[in-house]
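Asker: This structure is in structure tokens; I'll ask about it shortly.
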Amino acid sequence: MDEINRIFATMGRVRSESMASDATQSTGSRLVLRQRLHQLLTFVEDLHPKDERKVAKTLDNAFLVCGKRANRPKRDSFRLHMVTWNVATADPPDDVSSLLHLNSPLSPDIYAIGLQEVYSGPLRFLSDSVFDDPWSHLLMSTLAPRKYVKISSIRMQGLLLLFFSKLEHVPFIRDIRTTYTRTGLFGYWGNKGAVSVHLSFYGHMLCFLNCHLSAHMNYATARVNEFEYIMDTQTFECKQAPSVLDHRLVFWFGDLNFRIQDHGMHFVRSCINSQMYNLLWRNDQLMMMKQKVEALQEFEEGPLDFQPTYKFDLNSDTYDSSGKKRKPAWTDRILWRLHPKPATPPVNEDSNNGVKMTSALMKQIEEFTEYPLKVKQELYTSHMEYGISDHKPVIALFSLELRKMQDNPLVCLQALGDWSADIDSIVLYSPQQPFPSSSWDWIGLYKVGFTSVSDYITYTWVKDNEVAFNDEHMQVFISKEEIPVRGGDCVLCYYSSTLQCIVGISEPFKVHESKVALEEGLMPEKLNGLDQIVADEFWK
């Protein structure tokens, strides 16, 4: 472009001094660039022959730069909504629309919700092991009509972590694993510790770690020790990311219990009332510990531009007025760690092990380069309107920008012909690429708006019920007795037992009402277990 500028400067005298003046301005602005390209078209007839090659070469270089940008692999952006809330054994509120931003014009692609101190009394915990706990039930029933599916959940006593996704992303969330770590009572009790979900999101390894660490002002060091113990002990059956810090992106959140030390109660409350939160940051224990502990320095956190979320009188915005008068603190936090791009070490030619290690690292470096991942926090705040607990919930919104490693589902499914409870039905499925299939794989029939993997109407074992197959397509039989007589809008999902996830979803299709049931006036809903027996007796 400098060459073109020089030519413009000389040619401009032929046309006008003002054009020459414009042409020598900075090329940093797109507007200026457009003006110069327009001038080039105007001046091209006046070019001296000796300048034509120079201009052509400069333009070739410019086109090369533009071409590289145009051919850059497409990157997609996804919205992540995170929640952490110590619910203090309370039952859920009637409405969580505000907490989940359900009325926002930009809906999240995925939700990660971490709760602490979910009620776990003996009877409730026993019932929750059989049925969904009240919090999970509320969240699933709220999100399912908006076509979010619960992908995974894990509970350890009062710690609960749930992960939801829009239906369209479900086949690309794979290799799902969960684990937990107890830190209460010297590691024997689960009232404190961590639960985590590990998964592959379009090929990128993510980990969500929900923690509840030790309480009280004087236990800051103990909290850091618990954090390091959790990081050291949590492992996953995954070659790409066997430990927490091996993941491309880690979210560490929960009731981390770090307090504001040194400052007196009057000063803390005065800063809160005047919204001068920054005056408290340097005495926040987590920020102080980050100055000392290298492992903590790798985690990022947005500014704490909201009032401390602990401790409140129930059903109010008043900080603790009891005899204890606990000092307010930002106990509830959401942090993240983006894995740094690994550096290339020198190849150790005298050691086969050294060469092998370098080869593995080179592969990792290529992956980081070819498939970049960026994270940006869009919002970090608390929701003061919820008063059922002495903690206020904290939410964070993130934008994940990444290049997909996976564009196609592992399996394509299709419902052949008309479906109803009057005839046996056939599912056509075809693997799109090799994957570790198993005799325990199954295909489930779901109503549109299903809540989770287990919320199926019926299912069929893939290998046991194959009626025809070739190299590309397989057909699976589903008995008419398993199809609901009322019909409705449904989808088919292929579940891989090895990958522990849904790897293919059909387009929605209509299951018609049973003509026989309509003619005979029998329209029982398809039920399971004891309810089915009762219904069968009733409809006899």
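Naming works like this for the structure tokens: A, B, ... for the chains as they're shown, residue 1 at the start of each chain, ligands 1 onward in shown order.
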Can you list every residue in region 126-268 of chain A that DSSP puts in alpha helix (DSSP H), as a PDB file with all heavy atoms, in the first residue's frame?

Answerer:
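Contents of states02.pdb, as written:
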```
ATOM      1  N   LEU A 126     -33.236 -40.246  50.700  1.00  0.00           N
ATOM      2  CA  LEU A 126     -33.649 -41.552  50.194  1.00  0.00           C
ATOM      3  C   LEU A 126     -34.632 -41.404  49.044  1.00  0.00           C
ATOM      4  O   LEU A 126     -34.504 -42.067  48.012  1.00  0.00           O
ATOM      5  CB  LEU A 126     -34.279 -42.380  51.322  1.00  0.00           C
ATOM      6  CG  LEU A 126     -34.703 -43.812  50.962  1.00  0.00           C
ATOM      7  CD1 LEU A 126     -33.487 -44.638  50.549  1.00  0.00           C
ATOM      8  CD2 LEU A 126     -35.415 -44.470  52.140  1.00  0.00           C
ATOM      9  N   SER A 127     -35.595 -40.502  49.184  1.00  0.00           N
ATOM     10  CA  SER A 127     -36.571 -40.292  48.102  1.00  0.00           C
ATOM     11  C   SER A 127     -35.920 -39.658  46.889  1.00  0.00           C
ATOM     12  O   SER A 127     -36.252 -39.981  45.743  1.00  0.00           O
ATOM     13  CB  SER A 127     -37.734 -39.424  48.595  1.00  0.00           C
ATOM     14  OG  SER A 127     -37.290 -38.104  48.881  1.00  0.00           O
ATOM     15  N   ASP A 128     -34.951 -38.761  47.137  1.00  0.00           N
ATOM     16  CA  ASP A 128     -34.261 -38.103  46.014  1.00  0.00           C
ATOM     17  C   ASP A 128     -33.405 -39.076  45.226  1.00  0.00           C
ATOM     18  O   ASP A 128     -33.092 -38.839  44.053  1.00  0.00           O
ATOM     19  CB  ASP A 128     -33.380 -36.957  46.530  1.00  0.00           C
ATOM     20  CG  ASP A 128     -34.200 -35.779  47.049  1.00  0.00           C
ATOM     21  OD1 ASP A 128     -35.422 -35.769  46.817  1.00  0.00           O
ATOM     22  OD2 ASP A 128     -33.609 -34.895  47.697  1.00  0.00           O
ATOM     23  N   SER A 129     -32.998 -40.178  45.855  1.00  0.00           N
ATOM     24  CA  SER A 129     -32.202 -41.177  45.148  1.00  0.00           C
ATOM     25  C   SER A 129     -33.064 -41.981  44.172  1.00  0.00           C
ATOM     26  O   SER A 129     -32.552 -42.617  43.255  1.00  0.00           O
ATOM     27  CB  SER A 129     -31.514 -42.119  46.136  1.00  0.00           C
ATOM     28  OG  SER A 129     -32.472 -42.878  46.861  1.00  0.00           O
ATOM     29  N   VAL A 130     -34.392 -41.962  44.390  1.00  0.00           N
ATOM     30  CA  VAL A 130     -35.322 -42.676  43.510  1.00  0.00           C
ATOM     31  C   VAL A 130     -35.985 -41.718  42.527  1.00  0.00           C
ATOM     32  O   VAL A 130     -36.109 -42.011  41.335  1.00  0.00           O
ATOM     33  CB  VAL A 130     -36.389 -43.409  44.347  1.00  0.00           C
ATOM     34  CG1 VAL A 130     -37.361 -44.156  43.431  1.00  0.00           C
ATOM     35  CG2 VAL A 130     -35.737 -44.365  45.330  1.00  0.00           C
ATOM     36  N   PRO A 134     -36.541 -31.831  44.494  1.00  0.00           N
ATOM     37  CA  PRO A 134     -37.379 -30.682  44.116  1.00  0.00           C
ATOM     38  C   PRO A 134     -36.666 -29.645  43.258  1.00  0.00           C
ATOM     39  O   PRO A 134     -37.274 -29.057  42.355  1.00  0.00           O
ATOM     40  CB  PRO A 134     -37.796 -30.100  45.470  1.00  0.00           C
ATOM     41  CG  PRO A 134     -37.727 -31.250  46.422  1.00  0.00           C
ATOM     42  CD  PRO A 134     -36.580 -32.094  45.943  1.00  0.00           C
ATOM     43  N   TRP A 135     -35.387 -29.409  43.515  1.00  0.00           N
ATOM     44  CA  TRP A 135     -34.658 -28.408  42.726  1.00  0.00           C
ATOM     45  C   TRP A 135     -34.467 -28.889  41.286  1.00  0.00           C
ATOM     46  O   TRP A 135     -34.694 -28.126  40.338  1.00  0.00           O
ATOM     47  CB  TRP A 135     -33.302 -28.120  43.370  1.00  0.00           C
ATOM     48  CG  TRP A 135     -33.413 -27.231  44.561  1.00  0.00           C
ATOM     49  CD1 TRP A 135     -33.513 -27.605  45.870  1.00  0.00           C
ATOM     50  CD2 TRP A 135     -33.459 -25.797  44.546  1.00  0.00           C
ATOM     51  NE1 TRP A 135     -33.607 -26.499  46.683  1.00  0.00           N
ATOM     52  CE2 TRP A 135     -33.579 -25.375  45.901  1.00  0.00           C
ATOM     53  CE3 TRP A 135     -33.414 -24.838  43.537  1.00  0.00           C
ATOM     54  CZ2 TRP A 135     -33.650 -24.022  46.249  1.00  0.00           C
ATOM     55  CZ3 TRP A 135     -33.487 -23.494  43.890  1.00  0.00           C
ATOM     56  CH2 TRP A 135     -33.604 -23.097  45.224  1.00  0.00           C
ATOM     57  N   SER A 136     -34.046 -30.137  41.110  1.00  0.00           N
ATOM     58  CA  SER A 136     -33.877 -30.669  39.755  1.00  0.00           C
ATOM     59  C   SER A 136     -35.210 -30.684  39.015  1.00  0.00           C
ATOM     60  O   SER A 136     -35.279 -30.339  37.827  1.00  0.00           O
ATOM     61  CB  SER A 136     -33.302 -32.090  39.817  1.00  0.00           C
ATOM     62  OG  SER A 136     -32.015 -32.090  40.389  1.00  0.00           O
ATOM     63  N   HIS A 137     -36.265 -31.083  39.718  1.00  0.00           N
ATOM     64  CA  HIS A 137     -37.591 -31.142  39.097  1.00  0.00           C
ATOM     65  C   HIS A 137     -38.033 -29.759  38.614  1.00  0.00           C
ATOM     66  O   HIS A 137     -38.529 -29.613  37.491  1.00  0.00           O
ATOM     67  CB  HIS A 137     -38.608 -31.703  40.089  1.00  0.00           C
ATOM     68  CG  HIS A 137     -40.002 -31.768  39.545  1.00  0.00           C
ATOM     69  ND1 HIS A 137     -40.403 -32.739  38.645  1.00  0.00           N
ATOM     70  CD2 HIS A 137     -41.087 -30.965  39.755  1.00  0.00           C
ATOM     71  CE1 HIS A 137     -41.675 -32.542  38.328  1.00  0.00           C
ATOM     72  NE2 HIS A 137     -42.106 -31.473  38.994  1.00  0.00           N
ATOM     73  N   LEU A 138     -37.848 -28.742  39.457  1.00  0.00           N
ATOM     74  CA  LEU A 138     -38.241 -27.388  39.067  1.00  0.00           C
ATOM     75  C   LEU A 138     -37.452 -26.909  37.852  1.00  0.00           C
ATOM     76  O   LEU A 138     -38.020 -26.363  36.900  1.00  0.00           O
ATOM     77  CB  LEU A 138     -38.019 -26.424  40.236  1.00  0.00           C
ATOM     78  CG  LEU A 138     -38.207 -24.939  39.898  1.00  0.00           C
ATOM     79  CD1 LEU A 138     -39.662 -24.636  39.580  1.00  0.00           C
ATOM     80  CD2 LEU A 138     -37.711 -24.045  41.038  1.00  0.00           C
ATOM     81  N   LEU A 139     -36.140 -27.109  37.877  1.00  0.00           N
ATOM     82  CA  LEU A 139     -35.303 -26.623  36.779  1.00  0.00           C
ATOM     83  C   LEU A 139     -35.609 -27.355  35.479  1.00  0.00           C
ATOM     84  O   LEU A 139     -35.682 -26.744  34.406  1.00  0.00           O
ATOM     85  CB  LEU A 139     -33.828 -26.770  37.154  1.00  0.00           C
ATOM     86  CG  LEU A 139     -33.358 -25.854  38.305  1.00  0.00           C
ATOM     87  CD1 LEU A 139     -32.007 -26.291  38.831  1.00  0.00           C
ATOM     88  CD2 LEU A 139     -33.309 -24.395  37.846  1.00  0.00           C
ATOM     89  N   MET A 140     -35.822 -28.672  35.554  1.00  0.00           N
ATOM     90  CA  MET A 140     -36.136 -29.429  34.344  1.00  0.00           C
ATOM     91  C   MET A 140     -37.499 -29.043  33.793  1.00  0.00           C
ATOM     92  O   MET A 140     -37.660 -28.848  32.581  1.00  0.00           O
ATOM     93  CB  MET A 140     -36.076 -30.932  34.636  1.00  0.00           C
ATOM     94  CG  MET A 140     -34.673 -31.472  34.836  1.00  0.00           C
ATOM     95  SD  MET A 140     -34.589 -33.283  34.834  1.00  0.00           S
ATOM     96  CE  MET A 140     -35.499 -33.670  36.316  1.00  0.00           C
ATOM     97  N   SER A 141     -38.490 -28.918  34.662  1.00  0.00           N
ATOM     98  CA  SER A 141     -39.836 -28.579  34.196  1.00  0.00           C
ATOM     99  C   SER A 141     -39.901 -27.150  33.662  1.00  0.00           C
ATOM    100  O   SER A 141     -40.743 -26.830  32.813  1.00  0.00           O
ATOM    101  CB  SER A 141     -40.852 -28.764  35.324  1.00  0.00           C
ATOM    102  OG  SER A 141     -40.552 -27.921  36.426  1.00  0.00           O
ATOM    103  N   THR A 142     -39.001 -26.286  34.127  1.00  0.00           N
ATOM    104  CA  THR A 142     -38.952 -24.907  33.641  1.00  0.00           C
ATOM    105  C   THR A 142     -38.262 -24.816  32.292  1.00  0.00           C
ATOM    106  O   THR A 142     -38.701 -24.081  31.389  1.00  0.00           O
ATOM    107  CB  THR A 142     -38.231 -24.003  34.660  1.00  0.00           C
ATOM    108  OG1 THR A 142     -38.922 -24.044  35.906  1.00  0.00           O
ATOM    109  CG2 THR A 142     -38.168 -22.567  34.161  1.00  0.00           C
ATOM    110  N   LEU A 143     -37.180 -25.573  32.119  1.00  0.00           N
ATOM    111  CA  LEU A 143     -36.369 -25.451  30.904  1.00  0.00           C
ATOM    112  C   LEU A 143     -36.834 -26.364  29.771  1.00  0.00           C
ATOM    113  O   LEU A 143     -36.625 -26.045  28.596  1.00  0.00           O
ATOM    114  CB  LEU A 143     -34.905 -25.746  31.229  1.00  0.00           C
ATOM    115  CG  LEU A 143     -34.200 -24.687  32.099  1.00  0.00           C
ATOM    116  CD1 LEU A 143     -32.829 -25.188  32.539  1.00  0.00           C
ATOM    117  CD2 LEU A 143     -34.073 -23.376  31.338  1.00  0.00           C
ATOM    118  N   ALA A 220      -9.000 -19.613  55.755  1.00  0.00           N
ATOM    119  CA  ALA A 220      -8.642 -19.307  54.361  1.00  0.00           C
ATOM    120  C   ALA A 220      -7.612 -20.289  53.824  1.00  0.00           C
ATOM    121  O   ALA A 220      -7.723 -20.792  52.696  1.00  0.00           O
ATOM    122  CB  ALA A 220      -8.122 -17.877  54.241  1.00  0.00           C
ATOM    123  N   THR A 221      -6.590 -20.579  54.626  1.00  0.00           N
ATOM    124  CA  THR A 221      -5.561 -21.530  54.191  1.00  0.00           C
ATOM    125  C   THR A 221      -6.152 -22.921  54.004  1.00  0.00           C
ATOM    126  O   THR A 221      -5.793 -23.643  53.059  1.00  0.00           O
ATOM    127  CB  THR A 221      -4.410 -21.571  55.205  1.00  0.00           C
ATOM    128  OG1 THR A 221      -3.851 -20.254  55.334  1.00  0.00           O
ATOM    129  CG2 THR A 221      -3.322 -22.534  54.761  1.00  0.00           C
ATOM    130  N   ALA A 222      -7.048 -23.312  54.914  1.00  0.00           N
ATOM    131  CA  ALA A 222      -7.702 -24.621  54.786  1.00  0.00           C
ATOM    132  C   ALA A 222      -8.505 -24.702  53.489  1.00  0.00           C
ATOM    133  O   ALA A 222      -8.541 -25.752  52.831  1.00  0.00           O
ATOM    134  CB  ALA A 222      -8.611 -24.872  55.990  1.00  0.00           C
ATOM    135  N   ARG A 223      -9.134 -23.604  53.098  1.00  0.00           N
ATOM    136  CA  ARG A 223      -9.906 -23.592  51.840  1.00  0.00           C
ATOM    137  C   ARG A 223      -8.992 -23.801  50.640  1.00  0.00           C
ATOM    138  O   ARG A 223      -9.330 -24.519  49.699  1.00  0.00           O
ATOM    139  CB  ARG A 223     -10.697 -22.282  51.728  1.00  0.00           C
ATOM    140  CG  ARG A 223     -11.862 -22.207  52.689  1.00  0.00           C
ATOM    141  CD  ARG A 223     -12.715 -20.982  52.428  1.00  0.00           C
ATOM    142  NE  ARG A 223     -12.241 -19.785  53.110  1.00  0.00           N
ATOM    143  CZ  ARG A 223     -12.541 -19.459  54.367  1.00  0.00           C
ATOM    144  NH1 ARG A 223     -13.267 -20.278  55.105  1.00  0.00           N
ATOM    145  NH2 ARG A 223     -12.106 -18.327  54.901  1.00  0.00           N
ATOM    146  N   VAL A 224      -7.840 -23.155  50.677  1.00  0.00           N
ATOM    147  CA  VAL A 224      -6.877 -23.342  49.583  1.00  0.00           C
ATOM    148  C   VAL A 224      -6.373 -24.776  49.564  1.00  0.00           C
ATOM    149  O   VAL A 224      -6.235 -25.389  48.484  1.00  0.00           O
ATOM    150  CB  VAL A 224      -5.704 -22.351  49.719  1.00  0.00           C
ATOM    151  CG1 VAL A 224      -4.635 -22.657  48.682  1.00  0.00           C
ATOM    152  CG2 VAL A 224      -6.191 -20.920  49.560  1.00  0.00           C
ATOM    153  N   ASN A 225      -6.108 -25.346  50.717  1.00  0.00           N
ATOM    154  CA  ASN A 225      -5.658 -26.742  50.784  1.00  0.00           C
ATOM    155  C   ASN A 225      -6.725 -27.678  50.219  1.00  0.00           C
ATOM    156  O   ASN A 225      -6.402 -28.652  49.525  1.00  0.00           O
ATOM    157  CB  ASN A 225      -5.325 -27.116  52.221  1.00  0.00           C
ATOM    158  CG  ASN A 225      -4.085 -26.406  52.741  1.00  0.00           C
ATOM    159  OD1 ASN A 225      -3.258 -25.944  51.962  1.00  0.00           O
ATOM    160  ND2 ASN A 225      -3.961 -26.308  54.062  1.00  0.00           N
ATOM    161  N   GLU A 226      -7.992 -27.410  50.528  1.00  0.00           N
ATOM    162  CA  GLU A 226      -9.080 -28.233  49.984  1.00  0.00           C
ATOM    163  C   GLU A 226      -9.146 -28.106  48.465  1.00  0.00           C
ATOM    164  O   GLU A 226      -9.336 -29.106  47.755  1.00  0.00           O
ATOM    165  CB  GLU A 226     -10.405 -27.816  50.614  1.00  0.00           C
ATOM    166  CG  GLU A 226     -10.540 -28.205  52.068  1.00  0.00           C
ATOM    167  CD  GLU A 226     -11.782 -27.629  52.720  1.00  0.00           C
ATOM    168  OE1 GLU A 226     -12.518 -26.878  52.051  1.00  0.00           O
ATOM    169  OE2 GLU A 226     -12.015 -27.929  53.906  1.00  0.00           O
ATOM    170  N   PHE A 227      -8.995 -26.886  47.981  1.00  0.00           N
ATOM    171  CA  PHE A 227      -8.989 -26.657  46.529  1.00  0.00           C
ATOM    172  C   PHE A 227      -7.874 -27.474  45.866  1.00  0.00           C
ATOM    173  O   PHE A 227      -8.105 -28.157  44.851  1.00  0.00           O
ATOM    174  CB  PHE A 227      -8.814 -25.168  46.251  1.00  0.00           C
ATOM    175  CG  PHE A 227      -8.396 -24.843  44.850  1.00  0.00           C
ATOM    176  CD1 PHE A 227      -9.306 -24.872  43.802  1.00  0.00           C
ATOM    177  CD2 PHE A 227      -7.069 -24.516  44.549  1.00  0.00           C
ATOM    178  CE1 PHE A 227      -8.918 -24.573  42.505  1.00  0.00           C
ATOM    179  CE2 PHE A 227      -6.669 -24.227  43.270  1.00  0.00           C
ATOM    180  CZ  PHE A 227      -7.601 -24.254  42.237  1.00  0.00           C
ATOM    181  N   GLU A 228      -6.686 -27.423  46.410  1.00  0.00           N
ATOM    182  CA  GLU A 228      -5.556 -28.154  45.820  1.00  0.00           C
ATOM    183  C   GLU A 228      -5.768 -29.666  45.919  1.00  0.00           C
ATOM    184  O   GLU A 228      -5.425 -30.405  44.992  1.00  0.00           O
ATOM    185  CB  GLU A 228      -4.253 -27.738  46.514  1.00  0.00           C
ATOM    186  CG  GLU A 228      -3.869 -26.292  46.219  1.00  0.00           C
ATOM    187  CD  GLU A 228      -2.580 -25.874  46.909  1.00  0.00           C
ATOM    188  OE1 GLU A 228      -2.302 -26.421  48.015  1.00  0.00           O
ATOM    189  OE2 GLU A 228      -1.857 -25.016  46.365  1.00  0.00           O
ATOM    190  N   TYR A 229      -6.360 -30.121  47.017  1.00  0.00           N
ATOM    191  CA  TYR A 229      -6.648 -31.549  47.167  1.00  0.00           C
ATOM    192  C   TYR A 229      -7.660 -32.007  46.119  1.00  0.00           C
ATOM    193  O   TYR A 229      -7.500 -33.078  45.519  1.00  0.00           O
ATOM    194  CB  TYR A 229      -7.178 -31.810  48.580  1.00  0.00           C
ATOM    195  CG  TYR A 229      -7.638 -33.228  48.820  1.00  0.00           C
ATOM    196  CD1 TYR A 229      -6.717 -34.262  48.974  1.00  0.00           C
ATOM    197  CD2 TYR A 229      -8.995 -33.539  48.891  1.00  0.00           C
ATOM    198  CE1 TYR A 229      -7.130 -35.564  49.196  1.00  0.00           C
ATOM    199  CE2 TYR A 229      -9.429 -34.839  49.111  1.00  0.00           C
ATOM    200  CZ  TYR A 229      -8.497 -35.844  49.259  1.00  0.00           C
ATOM    201  OH  TYR A 229      -8.909 -37.137  49.465  1.00  0.00           O
ATOM    202  N   ILE A 230      -8.683 -31.201  45.900  1.00  0.00           N
ATOM    203  CA  ILE A 230      -9.700 -31.535  44.892  1.00  0.00           C
ATOM    204  C   ILE A 230      -9.063 -31.608  43.507  1.00  0.00           C
ATOM    205  O   ILE A 230      -9.317 -32.532  42.730  1.00  0.00           O
ATOM    206  CB  ILE A 230     -10.832 -30.486  44.927  1.00  0.00           C
ATOM    207  CG1 ILE A 230     -11.653 -30.642  46.218  1.00  0.00           C
ATOM    208  CG2 ILE A 230     -11.734 -30.624  43.708  1.00  0.00           C
ATOM    209  CD1 ILE A 230     -12.565 -29.469  46.520  1.00  0.00           C
ATOM    210  N   MET A 231      -8.217 -30.640  43.192  1.00  0.00           N
ATOM    211  CA  MET A 231      -7.561 -30.625  41.883  1.00  0.00           C
ATOM    212  C   MET A 231      -6.653 -31.848  41.697  1.00  0.00           C
ATOM    213  O   MET A 231      -6.557 -32.399  40.595  1.00  0.00           O
ATOM    214  CB  MET A 231      -6.734 -29.343  41.717  1.00  0.00           C
ATOM    215  CG  MET A 231      -7.557 -28.093  41.599  1.00  0.00           C
ATOM    216  SD  MET A 231      -8.547 -28.081  40.094  1.00  0.00           S
ATOM    217  CE  MET A 231      -9.545 -26.636  40.341  1.00  0.00           C
ATOM    218  N   ASP A 232      -6.020 -32.262  42.752  1.00  0.00           N
ATOM    219  CA  ASP A 232      -5.087 -33.390  42.666  1.00  0.00           C
ATOM    220  C   ASP A 232      -5.791 -34.736  42.578  1.00  0.00           C
ATOM    221  O   ASP A 232      -5.262 -35.679  41.966  1.00  0.00           O
ATOM    222  CB  ASP A 232      -4.142 -33.389  43.880  1.00  0.00           C
ATOM    223  CG  ASP A 232      -3.144 -32.249  43.844  1.00  0.00           C
ATOM    224  OD1 ASP A 232      -2.928 -31.692  42.748  1.00  0.00           O
ATOM    225  OD2 ASP A 232      -2.601 -31.905  44.907  1.00  0.00           O
ATOM    226  N   THR A 233      -6.949 -34.853  43.194  1.00  0.00           N
ATOM    227  CA  THR A 233      -7.585 -36.173  43.318  1.00  0.00           C
ATOM    228  C   THR A 233      -8.674 -36.449  42.291  1.00  0.00           C
ATOM    229  O   THR A 233      -8.970 -37.620  42.032  1.00  0.00           O
ATOM    230  CB  THR A 233      -8.177 -36.341  44.728  1.00  0.00           C
ATOM    231  OG1 THR A 233      -9.126 -35.289  44.977  1.00  0.00           O
ATOM    232  CG2 THR A 233      -7.084 -36.314  45.774  1.00  0.00           C
ATOM    233  N   MET A 265     -16.778  -4.188  60.782  1.00  0.00           N
ATOM    234  CA  MET A 265     -18.141  -4.272  60.281  1.00  0.00           C
ATOM    235  C   MET A 265     -18.641  -2.931  59.758  1.00  0.00           C
ATOM    236  O   MET A 265     -19.273  -2.854  58.693  1.00  0.00           O
ATOM    237  CB  MET A 265     -19.067  -4.774  61.386  1.00  0.00           C
ATOM    238  CG  MET A 265     -20.538  -4.840  60.996  1.00  0.00           C
ATOM    239  SD  MET A 265     -20.877  -6.170  59.833  1.00  0.00           S
ATOM    240  CE  MET A 265     -20.921  -7.567  60.970  1.00  0.00           C
ATOM    241  N   HIS A 266     -18.360  -1.849  60.492  1.00  0.00           N
ATOM    242  CA  HIS A 266     -18.869  -0.537  60.093  1.00  0.00           C
ATOM    243  C   HIS A 266     -18.307  -0.121  58.733  1.00  0.00           C
ATOM    244  O   HIS A 266     -19.048   0.358  57.864  1.00  0.00           O
ATOM    245  CB  HIS A 266     -18.507   0.520  61.151  1.00  0.00           C
ATOM    246  CG  HIS A 266     -18.932   1.904  60.774  1.00  0.00           C
ATOM    247  ND1 HIS A 266     -20.250   2.333  60.840  1.00  0.00           N
ATOM    248  CD2 HIS A 266     -18.211   2.967  60.300  1.00  0.00           C
ATOM    249  CE1 HIS A 266     -20.327   3.583  60.431  1.00  0.00           C
ATOM    250  NE2 HIS A 266     -19.100   3.997  60.104  1.00  0.00           N
ATOM    251  N   PHE A 267     -17.004  -0.325  58.532  1.00  0.00           N
ATOM    252  CA  PHE A 267     -16.394   0.064  57.259  1.00  0.00           C
ATOM    253  C   PHE A 267     -16.946  -0.776  56.106  1.00  0.00           C
ATOM    254  O   PHE A 267     -17.244  -0.249  55.030  1.00  0.00           O
ATOM    255  CB  PHE A 267     -14.870  -0.111  57.347  1.00  0.00           C
ATOM    256  CG  PHE A 267     -14.150   0.256  56.077  1.00  0.00           C
ATOM    257  CD1 PHE A 267     -13.902   1.577  55.756  1.00  0.00           C
ATOM    258  CD2 PHE A 267     -13.722  -0.740  55.191  1.00  0.00           C
ATOM    259  CE1 PHE A 267     -13.251   1.914  54.575  1.00  0.00           C
ATOM    260  CE2 PHE A 267     -13.068  -0.409  54.015  1.00  0.00           C
ATOM    261  CZ  PHE A 267     -12.833   0.922  53.701  1.00  0.00           C
ATOM    262  N   VAL A 268     -17.105  -2.093  56.319  1.00  0.00           N
ATOM    263  CA  VAL A 268     -17.614  -2.965  55.262  1.00  0.00           C
ATOM    264  C   VAL A 268     -19.020  -2.554  54.856  1.00  0.00           C
ATOM    265  O   VAL A 268     -19.331  -2.405  53.673  1.00  0.00           O
ATOM    266  CB  VAL A 268     -17.584  -4.441  55.727  1.00  0.00           C
ATOM    267  CG1 VAL A 268     -18.316  -5.327  54.724  1.00  0.00           C
ATOM    268  CG2 VAL A 268     -16.156  -4.914  55.902  1.00  0.00           C
TER     269      VAL A 268
END
```

Asker: To one decimal place, how far is CA of Leu160 (chain A) from CA of Leu249 (chain A) in Å?

Answerer: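 If I compute the distance from CA of Leu160 (chain A) to CA of Leu249 (chain A), I get 20.4 Å.
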
Asker: Please, what distance in Å, to one decimal, runs between CA of Ile260 (chain A) and CA of Leu279 (chain A)?

Answerer: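 Between CA of Ile260 (chain A) and CA of Leu279 (chain A) the gap works out to 10.9 Å.
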
Asker: Could you give me, as number ranges by chain, each residue of region 196-242 of chain A that DSSP assigns to strand (DSSP E or B) when run on this structure's backbone?

Answerer: A: 196-201, 204-212, 235

Asker: Just write the chosen residues, N, CA and C atoms, as a short mmCIF file (atom, residue, chain, number, x, y, z; two decimals), in the first residue's frame.

Answerer:
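This is the output file selection_36.cif:
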```cif
data_model
loop_
_atom_site.label_atom_id
_atom_site.label_comp_id
_atom_site.auth_asym_id
_atom_site.auth_seq_id
_atom_site.Cartn_x
_atom_site.Cartn_y
_atom_site.Cartn_z
N SER A 196 -18.25 -32.61 40.03
CA SER A 196 -17.84 -32.06 38.74
C SER A 196 -18.46 -32.85 37.58
N VAL A 197 -18.61 -32.14 36.47
CA VAL A 197 -19.05 -32.73 35.21
C VAL A 197 -17.98 -32.45 34.17
N HIS A 198 -17.54 -33.51 33.52
CA HIS A 198 -16.55 -33.43 32.44
C HIS A 198 -17.25 -33.81 31.15
N LEU A 199 -17.02 -33.06 30.06
CA LEU A 199 -17.67 -33.38 28.79
C LEU A 199 -16.89 -32.76 27.64
N SER A 200 -17.20 -33.27 26.46
CA SER A 200 -16.66 -32.72 25.21
C SER A 200 -17.76 -31.93 24.53
N PHE A 201 -17.52 -30.64 24.29
CA PHE A 201 -18.49 -29.76 23.64
C PHE A 201 -17.96 -29.41 22.26
N HIS A 204 -14.27 -29.86 22.19
CA HIS A 204 -13.46 -29.15 23.18
C HIS A 204 -13.79 -29.67 24.57
N MET A 205 -12.76 -30.02 25.34
CA MET A 205 -12.96 -30.62 26.66
C MET A 205 -13.22 -29.53 27.70
N LEU A 206 -14.40 -29.62 28.34
CA LEU A 206 -14.80 -28.66 29.36
C LEU A 206 -15.00 -29.38 30.68
N CYS A 207 -14.79 -28.66 31.78
CA CYS A 207 -15.01 -29.21 33.11
C CYS A 207 -15.70 -28.15 33.97
N PHE A 208 -16.75 -28.56 34.66
CA PHE A 208 -17.49 -27.69 35.56
C PHE A 208 -17.35 -28.26 36.98
N LEU A 209 -16.80 -27.45 37.87
CA LEU A 209 -16.44 -27.91 39.21
C LEU A 209 -17.19 -27.07 40.24
N ASN A 210 -18.18 -27.68 40.89
CA ASN A 210 -19.01 -27.01 41.89
C ASN A 210 -18.49 -27.39 43.27
N CYS A 211 -18.06 -26.39 44.06
CA CYS A 211 -17.41 -26.64 45.35
C CYS A 211 -18.16 -26.00 46.50
N HIS A 212 -18.03 -26.61 47.65
CA HIS A 212 -18.44 -26.02 48.93
C HIS A 212 -17.28 -26.25 49.89
N THR A 235 -10.18 -37.29 38.96
CA THR A 235 -9.70 -37.83 37.69
C THR A 235 -10.88 -38.34 36.88
#
```
